[in-house]
$ cat target_14.txt   # compact mmCIF, C-alpha atoms
# COMPACT_ATOMS: atom_id res chain seq x y z
CA MET A 1 -34.54 -0.83 27.10
CA LYS A 2 -37.31 1.40 25.82
CA LYS A 3 -38.46 0.34 22.36
CA ALA A 4 -36.27 2.44 20.11
CA SER A 5 -39.10 3.50 17.83
CA ARG A 6 -40.52 5.50 20.77
CA LEU A 7 -37.29 7.42 21.25
CA LYS A 8 -37.15 11.11 20.55
CA PRO A 9 -34.17 12.41 18.57
CA SER A 10 -32.81 14.04 21.74
CA GLU A 11 -32.92 10.70 23.59
CA LEU A 12 -30.87 9.02 20.90
CA SER A 13 -27.64 10.50 22.21
CA ALA A 14 -27.51 7.78 24.91
CA TYR A 15 -26.74 5.23 22.18
CA ILE A 16 -24.33 7.18 20.00
CA ILE A 17 -20.56 6.95 19.85
CA SER A 18 -19.52 10.10 18.07
CA SER A 19 -16.27 9.66 16.17
CA LEU A 20 -13.67 11.96 14.66
CA ILE A 21 -11.06 9.81 12.96
CA GLU A 22 -9.35 11.05 9.81
CA ALA A 23 -5.76 11.42 8.64
CA ASP A 24 -5.73 15.21 8.91
CA VAL A 25 -7.46 15.60 12.31
CA THR A 26 -5.29 17.76 14.59
CA GLU A 27 -5.31 18.39 18.34
CA ALA A 28 -7.12 21.66 17.69
CA ASP A 29 -9.84 19.73 15.82
CA ILE A 30 -10.22 17.34 18.77
CA VAL A 31 -10.56 20.26 21.20
CA SER A 32 -13.37 21.89 19.22
CA PHE A 33 -15.01 18.51 18.57
CA VAL A 34 -15.20 17.76 22.30
CA GLU A 35 -16.57 21.22 23.07
CA GLU A 36 -19.23 20.76 20.43
CA VAL A 37 -20.37 17.28 21.49
CA LYS A 38 -19.97 17.57 25.27
CA PRO A 39 -23.51 18.87 25.94
CA TYR A 40 -25.02 15.73 24.40
CA ARG A 41 -23.38 13.38 26.92
CA PHE A 42 -22.64 10.64 24.44
CA PRO A 43 -21.56 7.40 26.14
CA SER A 44 -18.25 7.53 24.28
CA LEU A 45 -16.20 9.50 21.78
CA ALA A 46 -13.87 7.78 19.30
CA VAL A 47 -10.47 9.14 18.29
CA ASP A 48 -7.25 7.78 16.78
CA LEU A 49 -4.48 6.46 19.07
CA PRO A 50 -2.40 9.65 19.53
CA TYR A 51 -5.38 11.57 20.94
CA ILE A 52 -6.33 9.27 23.82
CA ASP A 53 -4.51 11.39 26.42
CA LEU A 54 -5.97 14.62 25.14
CA LEU A 55 -9.49 13.19 25.01
CA ASN A 56 -9.21 11.78 28.54
CA GLU A 57 -8.10 15.18 29.75
CA LEU A 58 -10.94 16.99 27.98
CA LEU A 59 -13.52 14.49 29.28
CA GLU A 60 -12.38 14.55 32.89
CA GLY A 61 -15.32 14.78 35.28
CA THR A 62 -17.83 13.57 32.68
CA GLU A 63 -19.38 10.14 32.16
CA THR A 64 -18.26 10.03 28.53
CA ARG A 65 -15.64 7.41 27.74
CA THR A 66 -12.70 7.23 25.34
CA THR A 67 -12.82 4.85 22.40
CA THR A 68 -9.92 4.26 20.03
CA VAL A 69 -9.00 1.99 17.12
CA ALA A 70 -6.42 -0.57 15.94
CA SER A 71 -5.55 -1.91 12.47
CA TYR A 72 -8.12 0.58 11.41
CA PRO A 73 -9.98 0.82 9.10
CA LEU A 74 -8.55 -1.69 6.61
CA GLY A 75 -7.62 -4.64 8.81
CA GLY A 76 -4.35 -5.30 7.00
CA MET A 77 -2.06 -5.19 10.03
CA THR A 78 -0.44 -8.21 11.63
CA THR A 79 -1.39 -9.59 15.04
CA GLU A 80 1.94 -8.36 16.45
CA VAL A 81 1.20 -4.76 15.41
CA LYS A 82 -2.37 -4.91 16.70
CA VAL A 83 -1.08 -6.16 20.06
CA ARG A 84 1.29 -3.16 20.22
CA GLN A 85 -1.54 -0.78 19.41
CA VAL A 86 -3.77 -2.40 22.04
CA GLU A 87 -0.99 -2.11 24.63
CA PHE A 88 -0.51 1.53 23.69
CA ALA A 89 -4.24 2.22 24.14
CA ARG A 90 -4.27 0.38 27.47
CA HIS A 91 -1.30 2.32 28.84
CA HIS A 92 -2.85 5.59 27.80
CA GLY A 93 -6.15 4.76 29.50
CA ALA A 94 -8.67 4.23 26.72
CA TYR A 95 -11.92 2.56 27.79
CA ASP A 96 -12.35 0.42 24.69
CA ILE A 97 -10.71 -0.21 21.33
CA ASP A 98 -12.25 -1.17 17.98
CA VAL A 99 -9.95 -3.68 16.28
CA SER A 100 -10.25 -4.86 12.69
CA MET A 101 -10.12 -8.61 12.26
CA ASN A 102 -7.82 -10.41 9.81
CA TYR A 103 -9.99 -10.21 6.68
CA LEU A 104 -7.45 -12.00 4.52
CA ALA A 105 -7.66 -15.03 6.82
CA ILE A 106 -11.46 -14.87 6.95
CA LYS A 107 -11.87 -14.58 3.17
CA SER A 108 -9.39 -17.45 2.75
CA GLY A 109 -11.55 -19.62 5.01
CA ASP A 110 -8.88 -19.78 7.71
CA PHE A 111 -11.09 -19.18 10.74
CA ALA A 112 -8.53 -20.79 13.06
CA ALA A 113 -6.07 -18.03 12.15
CA ALA A 114 -8.78 -15.38 12.56
CA GLN A 115 -9.58 -16.78 16.00
CA GLU A 116 -5.94 -16.90 17.08
CA ASP A 117 -5.52 -13.25 16.05
CA VAL A 118 -8.49 -12.24 18.26
CA ARG A 119 -7.25 -14.37 21.14
CA ARG A 120 -3.88 -12.62 21.19
CA VAL A 121 -5.54 -9.22 21.00
CA VAL A 122 -7.87 -10.14 23.89
CA ASP A 123 -4.90 -11.45 25.91
CA ALA A 124 -3.09 -8.12 25.51
CA ALA A 125 -6.08 -6.04 26.58
CA GLY A 126 -6.14 -6.28 30.37
CA PRO A 127 -8.91 -3.94 31.55
CA LEU A 128 -9.25 -2.40 28.10
CA LYS A 129 -12.46 -3.57 26.43
CA ILE A 130 -11.94 -5.21 23.04
CA VAL A 131 -14.50 -4.64 20.28
CA MET A 132 -13.71 -6.63 17.14
CA ILE A 133 -14.81 -5.48 13.68
CA PRO A 134 -15.96 -8.36 11.42
CA GLN A 135 -16.64 -5.98 8.47
CA VAL A 136 -19.98 -7.51 7.53
CA ALA A 137 -20.18 -5.84 4.10
CA ILE A 138 -17.44 -8.06 2.69
CA LEU A 139 -18.78 -11.31 4.20
CA THR A 140 -21.31 -13.89 3.07
CA ASN A 141 -23.89 -14.87 5.69
CA GLU A 142 -21.99 -18.08 6.35
CA GLU A 143 -18.77 -16.11 6.83
CA LYS A 144 -20.55 -13.73 9.21
CA ALA A 145 -21.65 -16.70 11.33
CA ARG A 146 -18.24 -18.36 11.32
CA THR A 147 -16.44 -15.07 12.03
CA CYS A 148 -18.67 -14.38 15.03
CA GLU A 149 -18.12 -17.95 16.28
CA ALA A 150 -14.38 -17.43 15.99
CA LEU A 151 -14.34 -14.20 17.96
CA LEU A 152 -16.63 -15.62 20.65
CA LYS A 153 -14.34 -18.62 21.08
CA ALA A 154 -11.41 -16.21 21.36
CA GLY A 155 -13.07 -14.41 24.26
CA CYS A 156 -14.51 -11.35 22.55
CA THR A 157 -18.19 -10.62 23.22
CA THR A 158 -18.73 -7.23 21.58
CA ILE A 159 -18.52 -6.41 17.89
CA LYS A 160 -18.63 -3.28 15.85
CA THR A 161 -20.18 -4.46 12.61
CA ALA A 162 -18.12 -2.39 10.16
CA SER A 163 -15.37 0.18 10.06
CA GLY A 164 -17.25 2.85 8.16
CA PHE A 165 -15.09 4.52 5.48
CA GLY A 166 -17.43 3.11 2.85
CA TRP A 167 -18.04 -0.29 4.47
CA LYS A 168 -21.64 -0.41 5.55
CA THR A 169 -23.98 -2.38 7.75
CA GLU A 170 -27.51 -3.41 6.81
CA VAL A 171 -30.31 -3.94 9.33
CA GLU A 172 -30.38 -7.56 8.10
CA ASP A 173 -26.80 -8.00 9.33
CA VAL A 174 -27.80 -7.02 12.86
CA LEU A 175 -30.91 -9.20 12.76
CA LEU A 176 -28.88 -12.19 11.55
CA ILE A 177 -26.21 -11.87 14.22
CA LYS A 178 -28.79 -11.38 16.99
CA ARG A 179 -30.80 -14.36 15.71
CA LEU A 180 -27.69 -16.58 15.66
CA PHE A 181 -25.99 -15.43 18.85
CA GLY A 182 -28.65 -13.63 20.91
CA GLU A 183 -27.28 -12.12 24.11
CA ASP A 184 -23.86 -13.75 23.64
CA ILE A 185 -22.72 -11.00 21.30
CA HIS A 186 -23.26 -7.31 21.97
CA VAL A 187 -23.64 -5.47 18.68
CA GLU A 188 -22.43 -1.97 17.95
CA VAL A 189 -23.23 -0.70 14.48
CA SER A 190 -21.04 1.41 12.27
CA GLY A 191 -21.21 2.28 8.62
CA GLY A 192 -24.35 3.72 7.14
CA VAL A 193 -26.01 5.28 10.18
CA ARG A 194 -26.76 8.69 8.69
CA THR A 195 -30.35 9.50 9.71
CA PHE A 196 -32.66 9.21 12.72
CA ASP A 197 -34.60 6.46 10.92
CA ASP A 198 -31.41 4.48 10.24
CA ALA A 199 -30.60 4.73 13.93
CA ILE A 200 -34.02 3.56 15.09
CA ARG A 201 -34.01 0.59 12.71
CA MET A 202 -30.61 -0.55 13.97
CA LEU A 203 -31.59 -0.21 17.64
CA ASP A 204 -34.88 -2.06 17.10
CA ALA A 205 -32.90 -4.83 15.38
CA GLY A 206 -30.83 -5.28 18.54
CA ALA A 207 -27.88 -2.90 18.24
CA GLU A 208 -26.74 -1.41 21.54
CA ARG A 209 -24.50 1.36 20.22
CA LEU A 210 -24.29 3.36 17.01
CA HIS A 211 -20.96 4.69 15.80
CA THR A 212 -21.17 7.68 13.53
CA SER A 213 -19.08 10.58 12.31
CA ALA A 214 -22.35 12.45 11.72
CA ALA A 215 -23.92 12.42 15.18
CA PHE A 216 -25.65 15.78 14.79
CA GLN A 217 -27.20 14.77 11.49
CA VAL A 218 -28.46 11.49 12.97
CA MET A 219 -30.06 13.39 15.86
CA GLY A 220 -31.63 15.91 13.49
CA ILE A 221 -29.53 18.77 14.84
CA ASP A 222 -28.72 21.40 12.25
CA LYS A 223 -25.04 21.77 13.16
CA GLN A 224 -21.68 20.59 11.87
CA PHE A 225 -18.42 19.91 13.66
CA SER A 226 -15.78 22.58 13.07
CA TYR A 227 -13.64 19.87 11.46
CA GLN A 228 -16.33 19.18 8.87
CA LYS A 229 -16.69 22.87 8.06
CA LYS A 230 -13.01 23.01 7.08
CA GLY A 231 -14.03 20.96 4.04
CA MET B 1 8.72 7.15 -26.29
CA ALA B 2 12.17 5.65 -25.96
CA MET B 3 11.24 3.36 -23.11
CA GLN B 4 11.28 -0.39 -23.66
CA ARG B 5 8.54 -2.67 -22.48
CA ASP B 6 10.60 -4.28 -19.71
CA GLU B 7 11.77 -0.87 -18.50
CA PHE B 8 8.15 0.25 -18.27
CA ALA B 9 7.28 -2.92 -16.34
CA ARG B 10 10.06 -2.13 -13.85
CA THR B 11 8.32 1.13 -12.93
CA ILE B 12 5.22 -0.69 -11.70
CA ASP B 13 4.44 -1.60 -8.11
CA HIS B 14 1.67 -4.11 -8.79
CA THR B 15 -0.68 -3.09 -6.05
CA TYR B 16 -3.19 -5.27 -4.29
CA LEU B 17 -4.70 -3.41 -1.37
CA LYS B 18 -8.24 -4.75 -1.30
CA ILE B 19 -9.67 -6.06 1.92
CA HIS B 20 -12.35 -8.38 0.59
CA ARG B 21 -10.33 -11.07 -1.17
CA SER B 22 -8.41 -14.19 -0.27
CA ASP B 23 -4.99 -15.83 -0.48
CA ALA B 24 -5.91 -17.03 -3.97
CA GLU B 25 -5.96 -13.41 -5.18
CA VAL B 26 -2.59 -12.68 -3.59
CA ARG B 27 -1.14 -15.69 -5.45
CA ARG B 28 -2.66 -14.52 -8.73
CA VAL B 29 -1.20 -11.03 -8.35
CA CYS B 30 2.25 -12.47 -7.56
CA LEU B 31 2.16 -14.68 -10.67
CA GLU B 32 1.17 -11.67 -12.80
CA ALA B 33 4.05 -9.64 -11.41
CA GLU B 34 6.52 -12.41 -12.16
CA LYS B 35 5.16 -12.86 -15.69
CA HIS B 36 5.37 -9.16 -16.57
CA GLY B 37 8.53 -8.38 -14.63
CA PHE B 38 7.01 -5.70 -12.40
CA ALA B 39 9.17 -3.95 -9.81
CA SER B 40 7.15 -5.23 -6.88
CA VAL B 41 3.89 -6.56 -5.56
CA ALA B 42 2.40 -4.23 -2.94
CA VAL B 43 0.24 -5.88 -0.27
CA PHE B 44 -0.98 -5.40 3.29
CA PRO B 45 1.22 -6.76 6.10
CA VAL B 46 -1.04 -9.79 6.65
CA ALA B 47 -0.28 -10.93 3.07
CA VAL B 48 3.51 -10.46 3.27
CA PRO B 49 4.50 -14.04 4.26
CA LEU B 50 2.53 -15.49 1.34
CA ALA B 51 3.81 -12.89 -1.16
CA ALA B 52 7.40 -13.42 0.03
CA ARG B 53 7.07 -17.16 -0.52
CA MET B 54 5.53 -16.67 -3.97
CA LEU B 55 8.09 -14.12 -5.13
CA LYS B 56 11.26 -15.80 -3.84
CA GLY B 57 13.86 -15.92 -6.62
CA THR B 58 11.70 -14.01 -9.13
CA GLY B 59 13.46 -10.63 -8.81
CA VAL B 60 10.09 -9.05 -7.93
CA GLU B 61 10.24 -7.11 -4.65
CA VAL B 62 7.79 -7.63 -1.78
CA CYS B 63 6.38 -4.18 -1.05
CA VAL B 64 4.25 -3.66 2.06
CA ALA B 65 1.68 -0.95 2.79
CA LEU B 66 2.23 0.35 6.32
CA GLY B 67 0.11 2.71 8.40
CA PHE B 68 -2.80 2.23 6.05
CA HIS B 69 -4.45 4.34 5.37
CA LEU B 70 -4.77 6.98 8.09
CA GLY B 71 -1.18 6.86 9.36
CA GLY B 72 -2.10 8.45 12.64
CA TYR B 73 -0.11 6.57 15.27
CA PRO B 74 3.20 7.44 16.95
CA PRO B 75 6.69 6.95 15.41
CA GLU B 76 7.68 4.07 17.69
CA LEU B 77 4.62 2.04 16.65
CA LYS B 78 5.35 2.74 12.99
CA ALA B 79 8.98 1.69 13.44
CA TYR B 80 7.78 -1.51 15.08
CA GLU B 81 5.34 -2.12 12.22
CA THR B 82 8.18 -1.62 9.72
CA LYS B 83 10.52 -4.08 11.43
CA ASP B 84 7.72 -6.63 11.82
CA ALA B 85 6.94 -6.48 8.07
CA ILE B 86 10.60 -6.86 7.11
CA GLU B 87 11.02 -9.83 9.46
CA LYS B 88 8.05 -11.44 7.71
CA GLY B 89 9.61 -10.99 4.28
CA ALA B 90 8.98 -7.45 3.00
CA THR B 91 11.83 -5.93 0.95
CA GLU B 92 10.26 -2.54 0.28
CA VAL B 93 8.27 -0.52 2.82
CA ASP B 94 5.68 2.15 1.98
CA LEU B 95 4.52 4.06 5.07
CA VAL B 96 1.73 6.64 5.40
CA MET B 97 3.18 9.70 7.11
CA ASN B 98 1.53 11.48 10.01
CA VAL B 99 -0.61 13.88 7.98
CA ALA B 100 -2.01 15.56 11.08
CA ALA B 101 1.52 16.44 12.21
CA ALA B 102 2.05 18.30 8.93
CA LYS B 103 -1.31 20.04 9.24
CA ALA B 104 -0.36 21.18 12.75
CA LYS B 105 3.14 22.18 11.56
CA LYS B 106 4.76 19.77 14.00
CA TRP B 107 7.85 19.32 11.86
CA ASP B 108 9.90 17.85 14.71
CA LEU B 109 7.42 15.02 15.08
CA LEU B 110 7.56 14.36 11.35
CA ARG B 111 11.36 14.41 11.45
CA GLU B 112 11.37 11.92 14.30
CA GLU B 113 8.92 9.68 12.43
CA PHE B 114 10.95 9.71 9.21
CA GLU B 115 14.22 9.06 11.05
CA GLN B 116 12.77 6.16 13.01
CA PHE B 117 11.29 4.80 9.78
CA ARG B 118 14.68 5.00 8.05
CA ALA B 119 16.40 3.22 10.92
CA ALA B 120 13.74 0.50 11.10
CA ALA B 121 13.77 -0.04 7.31
CA GLY B 122 17.52 -0.77 7.28
CA ASP B 123 18.61 -1.65 3.75
CA CYS B 124 15.07 -1.98 2.43
CA THR B 125 13.71 0.63 0.05
CA ALA B 126 11.81 3.13 2.22
CA LYS B 127 8.96 5.15 0.71
CA ILE B 128 7.04 7.74 2.69
CA ILE B 129 3.48 8.51 1.58
CA LEU B 130 2.53 12.17 1.90
CA GLU B 131 -1.20 11.74 1.08
CA THR B 132 -0.91 14.97 -0.89
CA CYS B 133 -4.67 15.56 -1.17
CA HIS B 134 -4.66 16.74 2.46
CA LEU B 135 -1.65 19.07 2.10
CA THR B 136 -0.92 22.57 0.90
CA ASP B 137 2.05 23.00 -1.46
CA ASP B 138 4.05 24.45 1.41
CA GLU B 139 3.32 21.39 3.56
CA LYS B 140 4.31 19.09 0.67
CA VAL B 141 7.63 20.93 0.30
CA HIS B 142 8.32 20.66 4.04
CA ALA B 143 7.58 16.93 4.05
CA CYS B 144 9.84 16.37 1.01
CA ARG B 145 12.73 18.22 2.64
CA ILE B 146 12.38 16.26 5.86
CA ALA B 147 12.26 13.00 3.86
CA LYS B 148 15.45 13.99 2.07
CA ALA B 149 17.23 14.92 5.29
CA ALA B 150 16.17 11.60 6.84
CA GLY B 151 17.72 9.69 3.96
CA LEU B 152 14.56 7.96 2.75
CA ASP B 153 14.53 6.47 -0.75
CA TYR B 154 11.21 7.69 -2.14
CA VAL B 155 8.49 10.22 -1.54
CA LYS B 156 5.14 8.84 -2.64
CA THR B 157 1.99 10.81 -3.41
CA SER B 158 -1.00 8.83 -2.13
CA THR B 159 -2.47 5.76 -0.48
CA GLY B 160 -5.05 5.33 -3.22
CA TYR B 161 -7.86 5.41 -0.67
CA LYS B 162 -8.43 9.13 -1.22
CA LYS B 163 -7.69 11.38 -4.19
CA GLY B 164 -4.72 10.04 -6.12
CA ALA B 165 -1.58 11.36 -7.74
CA THR B 166 -1.58 14.52 -9.85
CA VAL B 167 1.04 15.67 -12.35
CA PRO B 168 1.63 18.98 -10.52
CA ASP B 169 2.25 17.12 -7.24
CA VAL B 170 4.72 14.75 -8.87
CA LYS B 171 6.56 17.70 -10.44
CA LEU B 172 6.70 19.54 -7.13
CA MET B 173 7.98 16.49 -5.29
CA TYR B 174 10.55 15.69 -8.01
CA ARG B 175 11.83 19.26 -7.91
CA GLU B 176 12.31 19.03 -4.14
CA VAL B 177 13.96 15.62 -3.83
CA ALA B 178 15.69 14.67 -7.11
CA PRO B 179 18.22 13.32 -7.72
CA THR B 180 18.86 12.16 -4.12
CA LEU B 181 15.41 10.62 -3.68
CA LYS B 182 12.92 9.26 -6.17
CA VAL B 183 9.21 9.85 -6.57
CA LYS B 184 6.43 7.26 -6.61
CA ALA B 185 3.10 8.30 -8.11
CA SER B 186 0.13 6.31 -6.85
CA GLY B 187 -3.64 6.40 -6.64
CA GLY B 188 -5.99 6.65 -9.58
CA ILE B 189 -3.46 5.65 -12.26
CA ARG B 190 -5.42 3.46 -14.65
CA THR B 191 -4.49 4.41 -18.23
CA LEU B 192 -1.28 4.36 -20.23
CA ASP B 193 -1.52 8.10 -20.85
CA GLU B 194 -1.80 8.79 -17.11
CA SER B 195 1.17 6.51 -16.47
CA LEU B 196 3.37 8.17 -19.09
CA ALA B 197 2.39 11.63 -17.83
CA MET B 198 3.50 10.65 -14.29
CA LEU B 199 6.81 9.27 -15.56
CA ASP B 200 7.38 12.43 -17.64
CA ALA B 201 6.67 14.54 -14.55
CA GLY B 202 9.49 12.77 -12.71
CA ALA B 203 8.05 9.61 -11.20
CA SER B 204 10.30 6.53 -11.14
CA ARG B 205 7.60 4.22 -9.81
CA LEU B 206 3.88 3.89 -10.36
CA GLY B 207 1.65 2.36 -7.70
CA THR B 208 -1.31 0.90 -9.56
CA SER B 209 -3.73 -2.02 -9.58
CA SER B 210 -3.98 -1.77 -13.38
CA GLY B 211 -0.51 -3.11 -14.21
CA VAL B 212 -1.68 -5.94 -16.44
CA ASP B 213 -3.93 -3.64 -18.50
CA LEU B 214 -1.15 -1.07 -18.72
CA MET B 215 1.28 -3.64 -20.13
CA LYS B 216 -1.29 -4.60 -22.74
CA ALA B 217 -1.84 -0.96 -23.70
CA PHE B 218 1.92 -0.38 -23.81
CA ALA B 219 2.40 -3.32 -26.19
CA GLU B 220 -0.45 -2.12 -28.42
CA ARG B 221 1.01 1.35 -28.70
CA PHE B 222 4.74 0.73 -28.81
CA GLY B 223 4.98 -2.91 -29.88

$ encode --input "target_14.txt" --output "structure tokens"
Amino acid sequence: MKKASRLKPSELSAYIISSLIEADVTEADIVSFVEEVKPYRFPSLAVDLPYIDLLNELLEGTETRTTTVASYPLGGMTTEVKVRQVEFARHHGAYDIDVSMNYLAIKSGDFAAAQEDVRRVVDAAGPLKIVMIPQVAILTNEEKARTCEALLKAGCTTIKTASGFGWKTEVEDVLLIKRLFGEDIHVEVSGGVRTFDDAIRMLDAGAERLHTSAAFQVMGIDKQFSYQKKG
Amino acid sequence: MAMQRDEFARTIDHTYLKIHRSDAEVRRVCLEAEKHGFASVAVFPVAVPLAARMLKGTGVEVCVALGFHLGGYPPELKAYETKDAIEKGATEVDLVMNVAAAKAKKWDLLREEFEQFRAAAGDCTAKIILETCHLTDDEKVHACRIAKAAGLDYVKTSTGYKKGATVPDVKLMYREVAPTLKVKASGGIRTLDESLAMLDAGASRLGTSSGVDLMKAFAERFG
């Protein structure tokens, strides 16, 4: 990989997962969103579960993939419900799914339960790629290490650091996880990537993907999604 | 104010929807609810088994927050989530409705969701959350009417993760659904004055994380 600090804003698109996930996002919003982001050839676009089919249809013939979410963004759902959501995403042909971990178990020190939750999610995935969300902003450094150990043992090798929606990721979080786990864990960053400089810092720290609802802003493009203009 | 202290306590769903705490906090909240005689403790599904164990025999209901907080997935998944929570010990179910369906005027989809929710909830108290901050008044009215037709027990204003309850919204919802259904006001309710204003506007329940402070303020004002 080219050292990120030598990237031009236009080259950044190869690392960005552009997301449009909100309660009031309609099919019409997804259609305009895809039209607006298509020229940038992002590796993936992220939408909520009901829009997987529509997104797949709109992305047909492109290299861009479909990302979706489970137990998102709060991580309060049971393993059984997450498994159902993962099965739904698999049947509808998503490429990968970002799944919140069981934060109650983690904060209670029950890493065995957190691991078992991930294992059952991974077992339900089939060809669907599982990306677990440890939610680094609510964890101590020790909890970050133990959470990553748990998900690795459960067969998950890619994380998305945070869910966004106010939960952020610091460069130090990425550096810590890469220092502890090296190539064993692929790191996607979410939460707090708002500018080109943020993006470069995260990539230089070892992140492989950047999730953002503000892709244009991060790339220094003076445009907004139609959805955002609705206010 | 004719209301007695214990009556006021019975309007409160003692709400604990924070993602960064542990079992110890869930236990604390359950003990508080028992002590004050709140209507319920509201928690995420992952905390339901513990809350159910803690609240057994106390008369405090186990309320679960479903679809939180975006509510975007299909009716059959929400029905499954509802049944799963009840099997694990929930006695009241609060579900975020499909806001996008209302924005796109897909009333049939909303009807199907509410009906499936009602069927899955069985005898448990079923509350549908409109997340009113996203809706026009017309959309709120539509959602209330569909909730009433589906035989739900409550319409609820907000998840608390966005803008919370307002007095005009509670009045509008009360006008549409009373006396068949009740109204739960939630999100941003932190003071006694706000609580009393919501009850005056027609709310029967208050979803709040400030229950203990509210009881203190109630005692100071009304004895």

$ interface_residues --input "target_14.txt" --of "chain A" --to "chain B" --cutoff "8 Å" --atoms "only C-alpha atoms" --output "VMD selection string"
chain A and resid 22 to 27 48 to 50 72 to 78 80 to 81 84 to 85 102 to 108 138 to 139

$ residues_around --input "target_14.txt" --residues "Val141 in chain B" --least-positions-apart "2" --cutoff "8 Å" --atoms "only C-alpha atoms" --output "PyMOL selection string"
chain B and resi 137-139+143-145+172-173+176

$ atom_distance --input "target_14.txt" --atom1 "CA of Lys184 in chain B" --atom2 "CA of Ala201 in chain B"
10.8 Å

$ residues_around --input "target_14.txt" --residues "Thr15 in chain B" --least-positions-apart "4" --cutoff "10 Å" --atoms "all atoms listed in the file" --output "PyMOL selection string"
chain B and resi 29-30+33+40-44+63-65+160+186-187+206-211

$ atom_distance --input "target_14.txt" --atom1 "CA of Leu210 in chain A" --atom2 "CA of Val193 in chain A"
7.3 Å

$ atom_distance --input "target_14.txt" --atom1 "CA of Arg221 in chain B" --atom2 "CA of Gly59 in chain B"
26.3 Å

$ residues_around --input "target_14.txt" --residues "Glu63 in chain A" --least-positions-apart "2" --cutoff "8 Å" --atoms "all atoms listed in the file" --output "list of chain:residue names"
A:Arg41, A:Pro43, A:Leu59, A:Gly61, A:Arg65

$ closest_residue --input "target_14.txt" --among "A:Gln135, A:Thr212, A:Ser19, A:Gln115" --to "Ala150 in chain A" --atoms "all atoms listed in the file"
A:Gln115

$ residues_near_point --input "target_14.txt" --point "(10.8, 1.3, 1.0)" --cutoff "6 Å" --atoms "only C-alpha atoms" --output "PyMOL selection string"
chain B and resi 92-94+124-127

$ closest_residue --input "target_14.txt" --among "A:Ser213, A:Phe88, A:Met101, A:Cys148" --to "Phe225 in chain A" --atoms "all atoms listed in the file"
A:Ser213

$ closest_residue --input "target_14.txt" --among "A:Leu12, A:Ala199, A:Ile30, A:Ala124" --to "Gly155 in chain A" --atoms "only C-alpha atoms"
A:Ala124

$ axis_aligned_box --input "target_14.txt" --around "range 5-22 of chain A" --padding-each-side "6 Å" --output "lines of an AutoDock Vina configuration file"
center_x = -24.9
center_y = 8.8
center_z = 17.4
size_x = 43.2
size_y = 22.5
size_z = 27.1

$ residues_around --input "target_14.txt" --residues "Ile200 in chain A" --least-positions-apart "6" --cutoff "8 Å" --atoms "all atoms listed in the file" --output "ChimeraX atom specification"
/A:4-5,7

$ closest_residue --input "target_14.txt" --among "A:Ala215, A:Ala137, A:Ile221, A:Ala145" --to "Gly191 in chain A" --atoms "all atoms listed in the file"
A:Ala137

$ closest_residue --input "target_14.txt" --among "A:Gln224, A:Asn141, A:Asn56, A:Thr157" --to "Leu175 in chain A" --atoms "all atoms listed in the file"
A:Asn141

$ closest_residue --input "target_14.txt" --among "A:Asp117, A:Asp110, A:Glu57, A:Asp198" --to "Lys82 in chain A" --atoms "only C-alpha atoms"
A:Asp117
